[in-house]
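Raw contents of work-v8.cif, mmCIF, C-alpha atoms:
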data_entry
#
loop_
_atom_site.label_atom_id
_atom_site.label_comp_id
_atom_site.auth_asym_id
_atom_site.auth_seq_id
_atom_site.Cartn_x
_atom_site.Cartn_y
_atom_site.Cartn_z
CA MET A 60 12.28 -13.17 -6.37
CA THR A 61 14.67 -11.37 -8.71
CA ILE A 62 16.24 -7.98 -7.99
CA GLU A 63 13.88 -6.39 -10.50
CA GLN A 64 10.83 -7.93 -8.80
CA LEU A 65 12.03 -6.78 -5.38
CA PHE A 66 12.53 -3.25 -6.70
CA LEU A 67 9.00 -3.21 -8.14
CA LEU A 68 7.67 -4.52 -4.82
CA PHE A 69 9.52 -1.66 -3.12
CA ILE A 70 7.92 0.84 -5.53
CA ILE A 71 4.45 -0.62 -5.01
CA TYR A 72 4.69 -0.29 -1.24
CA SER A 73 6.22 3.18 -1.57
CA PHE A 74 3.19 4.19 -3.63
CA LEU A 75 0.78 2.68 -1.10
CA GLY A 76 2.65 4.53 1.65
CA TRP A 77 2.15 7.74 -0.30
CA ILE A 78 -1.59 7.01 -0.36
CA VAL A 79 -1.58 6.38 3.40
CA GLU A 80 0.23 9.67 4.00
CA ILE A 81 -2.25 11.60 1.84
CA ILE A 82 -5.17 10.10 3.77
CA ASP A 83 -3.46 10.92 7.08
CA ILE A 84 -2.90 14.56 6.13
CA TYR A 85 -6.45 14.86 4.80
CA ILE A 86 -7.83 13.61 8.12
CA LEU A 87 -5.61 15.98 10.13
CA TYR A 88 -5.77 19.12 7.96
CA GLY A 89 -8.72 18.58 5.63
CA LYS A 90 -6.72 18.95 2.40
CA ILE A 91 -5.06 16.72 -0.17
CA VAL A 92 -1.28 17.17 -0.34
CA ASN A 93 1.44 15.44 -2.36
CA ARG A 94 3.33 13.92 0.56
CA GLY A 95 6.91 12.75 0.79
CA PHE A 96 10.35 14.09 -0.01
CA LEU A 97 10.15 13.10 -3.66
CA ILE A 98 8.07 14.71 -6.37
CA GLY A 99 6.59 11.44 -7.61
CA PRO A 100 3.82 9.46 -5.91
CA TYR A 101 5.89 7.40 -3.52
CA CYS A 102 7.27 7.46 0.04
CA PRO A 103 10.37 5.24 0.07
CA ILE A 104 10.35 4.75 3.85
CA TYR A 105 7.20 2.64 3.46
CA GLY A 106 8.83 0.58 0.73
CA VAL A 107 11.89 -0.05 2.91
CA GLY A 108 9.69 -0.92 5.88
CA ALA A 109 7.61 -3.37 3.84
CA LEU A 110 10.73 -5.12 2.54
CA ILE A 111 12.15 -5.40 6.06
CA ILE A 112 8.88 -6.93 7.26
CA THR A 113 8.85 -9.28 4.26
CA PHE A 114 12.40 -10.55 4.75
CA VAL A 115 12.54 -10.63 8.55
CA LEU A 116 9.00 -11.36 9.73
CA THR A 117 7.49 -13.75 7.18
CA GLU A 118 8.56 -16.67 9.36
CA TYR A 119 6.27 -15.31 12.11
CA LYS A 120 3.15 -15.26 9.94
CA TYR A 121 1.56 -17.98 12.07
CA ASP A 122 2.00 -16.00 15.27
CA LEU A 123 -0.16 -12.90 14.92
CA LEU A 124 0.89 -11.26 18.19
CA VAL A 125 4.61 -11.63 17.52
CA LEU A 126 4.14 -10.39 13.95
CA PHE A 127 2.24 -7.33 15.19
CA VAL A 128 4.75 -6.45 17.92
CA MET A 129 7.80 -7.03 15.73
CA SER A 130 6.29 -4.92 12.94
CA MET A 131 5.81 -2.12 15.43
CA PHE A 132 9.40 -2.45 16.62
CA PHE A 133 11.15 -2.58 13.24
CA CYS A 134 9.07 0.22 11.71
CA ALA A 135 9.49 2.43 14.78
CA VAL A 136 13.27 1.96 14.64
CA LEU A 137 13.22 2.72 10.90
CA GLU A 138 11.16 5.89 11.35
CA TYR A 139 13.25 7.10 14.30
CA PHE A 140 16.61 6.70 12.59
CA THR A 141 15.29 8.04 9.27
CA SER A 142 14.21 11.20 11.11
CA TYR A 143 17.55 11.39 12.92
CA ILE A 144 19.71 10.85 9.82
CA MET A 145 17.74 13.27 7.64
CA GLU A 146 17.91 15.92 10.34
CA LYS A 147 21.67 15.48 10.51
CA ILE A 148 22.02 15.69 6.73
CA PHE A 149 19.61 18.55 6.02
CA LYS A 150 19.57 20.24 9.47
CA THR A 151 15.79 20.08 9.35
CA ARG A 152 13.13 18.20 11.36
CA TRP A 153 10.69 16.97 8.70
CA TRP A 154 8.04 15.58 11.04
CA ASP A 155 7.47 16.18 14.71
CA TYR A 156 5.21 14.22 17.09
CA SER A 157 6.12 16.26 20.16
CA ASP A 158 2.51 17.32 20.64
CA ARG A 159 1.31 13.71 20.81
CA ARG A 160 1.29 11.55 23.90
CA PHE A 161 3.83 8.76 24.31
CA ASN A 162 6.33 10.12 21.79
CA LEU A 163 10.09 9.61 21.75
CA ASN A 164 12.00 12.83 21.05
CA GLY A 165 9.19 13.83 18.70
CA ARG A 166 10.47 11.36 16.08
CA ILE A 167 8.02 8.52 16.73
CA SER A 168 4.82 8.17 18.74
CA LEU A 169 2.74 5.32 20.06
CA PHE A 170 -0.18 6.07 17.71
CA GLU A 171 1.94 5.83 14.54
CA THR A 172 3.78 2.79 15.89
CA LEU A 173 0.51 0.94 16.49
CA GLY A 174 -0.47 1.80 12.92
CA PHE A 175 2.76 0.28 11.66
CA GLY A 176 1.96 -2.91 13.57
CA ILE A 177 -1.39 -3.14 11.81
CA LEU A 178 0.18 -2.40 8.42
CA GLY A 179 2.80 -5.10 9.02
CA VAL A 180 0.07 -7.69 9.57
CA ILE A 181 -1.74 -6.52 6.42
CA VAL A 182 1.50 -6.75 4.42
CA ILE A 183 2.18 -10.36 5.43
CA TYR A 184 -1.37 -11.71 5.32
CA VAL A 185 -2.95 -9.76 2.45
CA LEU A 186 -0.65 -7.66 0.28
CA ASN A 187 2.45 -9.83 -0.09
CA PRO A 188 0.57 -12.88 -1.43
CA LEU A 189 -1.23 -10.61 -3.90
CA PHE A 190 1.74 -8.59 -5.15
CA ILE A 191 4.33 -11.38 -5.13
CA ASN A 192 2.04 -13.64 -7.15
CA LEU A 193 1.37 -10.78 -9.55
CA LEU A 194 5.06 -9.94 -10.04
CA THR A 195 6.15 -13.55 -10.46
CA SER A 196 3.45 -14.09 -13.09
CA ILE A 197 4.82 -11.33 -15.35
CA PRO A 198 7.42 -12.44 -17.94
CA GLU A 199 10.97 -11.76 -16.74
CA MET A 200 11.84 -9.58 -19.74
CA VAL A 201 8.78 -7.37 -19.20
CA THR A 202 9.58 -7.09 -15.49
CA THR A 203 13.15 -6.04 -16.29
CA ILE A 204 12.04 -3.34 -18.75
CA ILE A 205 9.42 -1.93 -16.38
CA ALA A 206 11.90 -1.96 -13.47
CA PHE A 207 14.60 -0.09 -15.42
CA VAL A 208 12.17 2.55 -16.70
CA ILE A 209 10.80 3.20 -13.21
CA LEU A 210 14.34 3.17 -11.76
CA PHE A 211 15.42 5.87 -14.24
CA PHE A 212 12.60 8.22 -13.24
CA PHE A 213 13.03 7.35 -9.56
CA LEU A 214 16.73 8.30 -9.61
CA LEU A 215 15.96 11.46 -11.59
CA ASP A 216 13.30 12.39 -9.04
CA LEU A 217 15.76 11.67 -6.22
CA ALA A 218 18.40 13.98 -7.74
CA VAL A 219 15.96 16.85 -8.35
CA SER A 220 14.35 16.52 -4.92
CA PHE A 221 17.74 16.42 -3.20
CA LYS A 222 18.72 19.65 -4.91
CA ILE A 223 15.49 21.31 -3.82
CA ILE A 224 15.84 20.14 -0.21
CA THR A 225 19.45 21.31 0.07
CA SER A 226 18.29 24.80 -0.93
CA ILE A 227 17.13 25.19 2.66
CA LYS A 228 20.78 25.44 3.69
CA THR A 229 21.36 28.41 1.39
CA ILE A 230 18.54 30.60 2.73
CA ASN A 231 19.76 33.90 4.15
CA PHE A 232 18.44 34.34 7.69
CA GLY A 233 19.79 37.86 8.12
CA THR A 234 19.91 38.91 11.79
CA VAL A 235 17.10 36.76 13.09
CA LYS A 236 17.46 35.83 16.76
CA ASP A 237 18.28 32.28 17.82
CA SER A 238 14.73 30.92 17.68
CA THR A 239 13.62 27.71 16.00
CA GLU A 240 10.13 29.06 15.37
CA GLU A 241 11.38 32.26 13.75
CA ILE A 242 13.89 30.42 11.60
CA THR A 243 11.31 27.86 10.51
CA LYS A 244 8.87 30.62 9.55
CA ILE A 245 11.49 32.29 7.35
CA VAL A 246 12.36 29.01 5.64
CA ARG A 247 8.73 28.13 4.97
CA ASN A 248 7.95 31.62 3.61
CA THR A 249 11.06 31.59 1.41
CA LEU A 250 10.26 28.19 -0.04
CA ALA A 251 6.57 29.05 -0.46
CA ASN A 252 7.50 32.12 -2.52
CA ASN A 253 9.91 30.17 -4.70
CA SER A 254 9.35 27.55 -7.41
CA ILE A 255 6.31 25.28 -7.55
CA LEU A 256 8.45 22.30 -6.48
CA LYS A 257 9.63 24.12 -3.36
CA ARG A 258 6.07 25.15 -2.55
CA ARG A 259 5.13 21.47 -2.77
CA LEU A 260 7.78 20.70 -0.14
CA VAL A 261 6.22 23.16 2.30
CA LYS A 262 2.75 21.68 1.81
CA ALA A 263 4.05 18.12 2.07
CA PHE A 264 5.59 18.71 5.50
CA PRO A 265 3.39 21.03 7.55
CA ASN A 266 5.51 20.29 10.65
CA LEU A 267 8.85 21.11 9.02
CA ARG A 268 11.20 22.66 11.57
CA ILE A 269 14.75 23.94 11.19
CA SER A 270 17.23 22.47 13.63
CA ASN A 271 17.92 25.00 16.38
CA ILE A 272 21.28 23.36 17.07
CA TRP A 273 22.39 23.95 13.50
CA PHE A 274 21.34 27.59 13.58
CA THR A 275 23.13 28.12 16.89
CA LYS A 276 26.33 26.91 15.22
CA TYR A 277 25.60 29.24 12.28
CA LEU A 278 25.26 32.23 14.63
CA LYS A 279 28.44 31.25 16.46
CA LYS A 280 30.41 31.20 13.22
CA MET A 281 29.00 34.58 12.19
CA LYS A 282 29.87 36.02 15.61
CA GLN A 283 33.43 34.74 15.33
CA LYS A 284 33.81 36.31 11.88
CA LEU A 285 32.51 39.66 13.15
CA GLU A 286 34.84 39.57 16.16
CA SER A 287 37.75 38.77 13.86
CA LEU A 288 36.92 41.72 11.59
CA ASN A 289 36.51 44.07 14.55
CA LYS A 290 39.84 42.94 15.91
CA LYS A 291 41.55 43.65 12.60
CA ASP A 292 39.96 47.11 12.45
CA SER A 293 41.10 47.95 15.99
CA ASN A 294 44.67 46.85 15.23
CA SER A 295 44.90 48.73 11.96
CA PRO A 296 46.90 52.03 12.01
CA GLN A 297 44.76 55.15 12.40
#
Give the structure from this file in structure tokens form.
Amino acid sequence: MTIEQLFLLFIIYSFLGWIVEIIDIYILYGKIVNRGFLIGPYCPIYGVGALIITFVLTEYKYDLLVLFVMSMFFCAVLEYFTSYIMEKIFKTRWWDYSDRRFNLNGRISLFETLGFGILGVIVIYVLNPLFINLLTSIPEMVTTIIAFVILFFFLLDLAVSFKIITSIKTINFGTVKDSTEEITKIVRNTLANNSILKRRLVKAFPNLRISNIWFTKYLKKMKQKLESLNKKDSNSPQ
């Protein structure tokens, strides 16, 4: 497959992942929500996961058990480190499975991991043959044009969404005590009362939590600044 075809395959699986997320949220909360970090209808983590399964696990297509277990493993690792990296970058926990049994640091849980195993099998046995045959049947020039158009809007979406997400860092917490729940409530209320795109972010991640570690560092810096100012005032001539 060409780079353009692989990108379109990534977009297709990202879109299907978005559908899966919408269904999941509807089952849990009884409402339809535009899921994902991006504004458009795609969840890139699913696209990345599908490509990993395609490149690494296709050779195991004749061993169903190995394919299932390896799909669970690779997707669980992907979800865990995606959660970890995004929390480090944005100081925010975007999803949290702490209330579910057999979870690991709230980043992954057995239930979701089993689902990934099933999806991996579906990707190899059902979806890949369908989509790869479809993409390879389209003229190369048409594929290139479609890929570049989608890439343009994808990158634009990525830039806008990144700007919206980083706005969380600029929220003024005032004198709120060192409490993850209190901080999270302020962030959610602030975003919900802001632009329509920020309100979408709140709805998309009902379990959004602000990192308590980050806020502790924020309070420590503020305390140091106050102590420094008080020290200057005490040393100034009366």
**Message:** Under the PyMOL selection byres ((chain A and resi 72) around 9), which residues of this model are included? Write them out as a ChimeraX atom specification.
**Reply:** /A:67-71,73-77,101-103,105-110
Please write the residues from the selection above to a file, keeping C-alpha atoms, as a PDB file, in the coordinates of the input.
ATOM      1  CA  LEU A  67       9.000  -3.210  -8.140  1.00  0.00           C
ATOM      2  CA  LEU A  68       7.670  -4.520  -4.820  1.00  0.00           C
ATOM      3  CA  PHE A  69       9.520  -1.660  -3.120  1.00  0.00           C
ATOM      4  CA  ILE A  70       7.920   0.840  -5.530  1.00  0.00           C
ATOM      5  CA  ILE A  71       4.450  -0.620  -5.010  1.00  0.00           C
ATOM      6  CA  SER A  73       6.220   3.180  -1.570  1.00  0.00           C
ATOM      7  CA  PHE A  74       3.190   4.190  -3.630  1.00  0.00           C
ATOM      8  CA  LEU A  75       0.780   2.680  -1.100  1.00  0.00           C
ATOM      9  CA  GLY A  76       2.650   4.530   1.650  1.00  0.00           C
ATOM     10  CA  TRP A  77       2.150   7.740  -0.300  1.00  0.00           C
ATOM     11  CA  TYR A 101       5.890   7.400  -3.520  1.00  0.00           C
ATOM     12  CA  CYS A 102       7.270   7.460   0.040  1.00  0.00           C
ATOM     13  CA  PRO A 103      10.370   5.240   0.070  1.00  0.00           C
ATOM     14  CA  TYR A 105       7.200   2.640   3.460  1.00  0.00           C
ATOM     15  CA  GLY A 106       8.830   0.580   0.730  1.00  0.00           C
ATOM     16  CA  VAL A 107      11.890  -0.050   2.910  1.00  0.00           C
ATOM     17  CA  GLY A 108       9.690  -0.920   5.880  1.00  0.00           C
ATOM     18  CA  ALA A 109       7.610  -3.370   3.840  1.00  0.00           C
ATOM     19  CA  LEU A 110      10.730  -5.120   2.540  1.00  0.00           C
TER      20      LEU A 110
END
**Asked** Can you tell me how far CA of Ser142 (chain A) sits from CA of Glu171 (chain A), in Å to one decimal?
**Response**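 Interatomic distance, CA of Ser142 (chain A) to CA of Glu171 (chain A): 13.8 Å.
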Can you sort out the box for region 179-196 of chain A, edges along x, y and z, all listed atoms in, 3 Å on every side, with centre and edge lengths in Å to one decimal, as JSON?
{"center_x": 1.6, "center_y": -9.6, "center_z": -1.8, "size_x": 15.1, "size_y": 15.0, "size_z": 28.7}
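Atom to atom, CA of Phe211 (chain A) and CA of Ile78 (chain A) stand 22.0 Å apart.
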**Residue contacts of region 114-120 of chain A (12 Å, only C-alpha atoms) excluding same-chain residues fewer than 2 positions away, as a PyMOL selection string** = chain A and resi 60+65+107-112+122-134+176+179-185+187-188
**Request:** Write out as a list in words each polymer residue whose atoms come within 12 Å of Leu163 (chain A), counting all atoms listed in the file; drop sequence neighbours fewer than 5 positions from it.
**Result:** Ala135, Val136, Glu138, Tyr139, Phe140, Ser142, Tyr143, Asp155, Tyr156, Ser157, Asp158, Ser168, Leu169, Phe170, Glu171 and Thr172 of chain A
**Request:** Could you tell me which of A:Pro198, A:Gly89, A:Gly99, A:Gly174 comes closest to Ser220 (chain A) if we count only C-alpha atoms?
**Result:**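 Looking at the shortest contact to Ser220 (chain A), the residue is A:Gly99.
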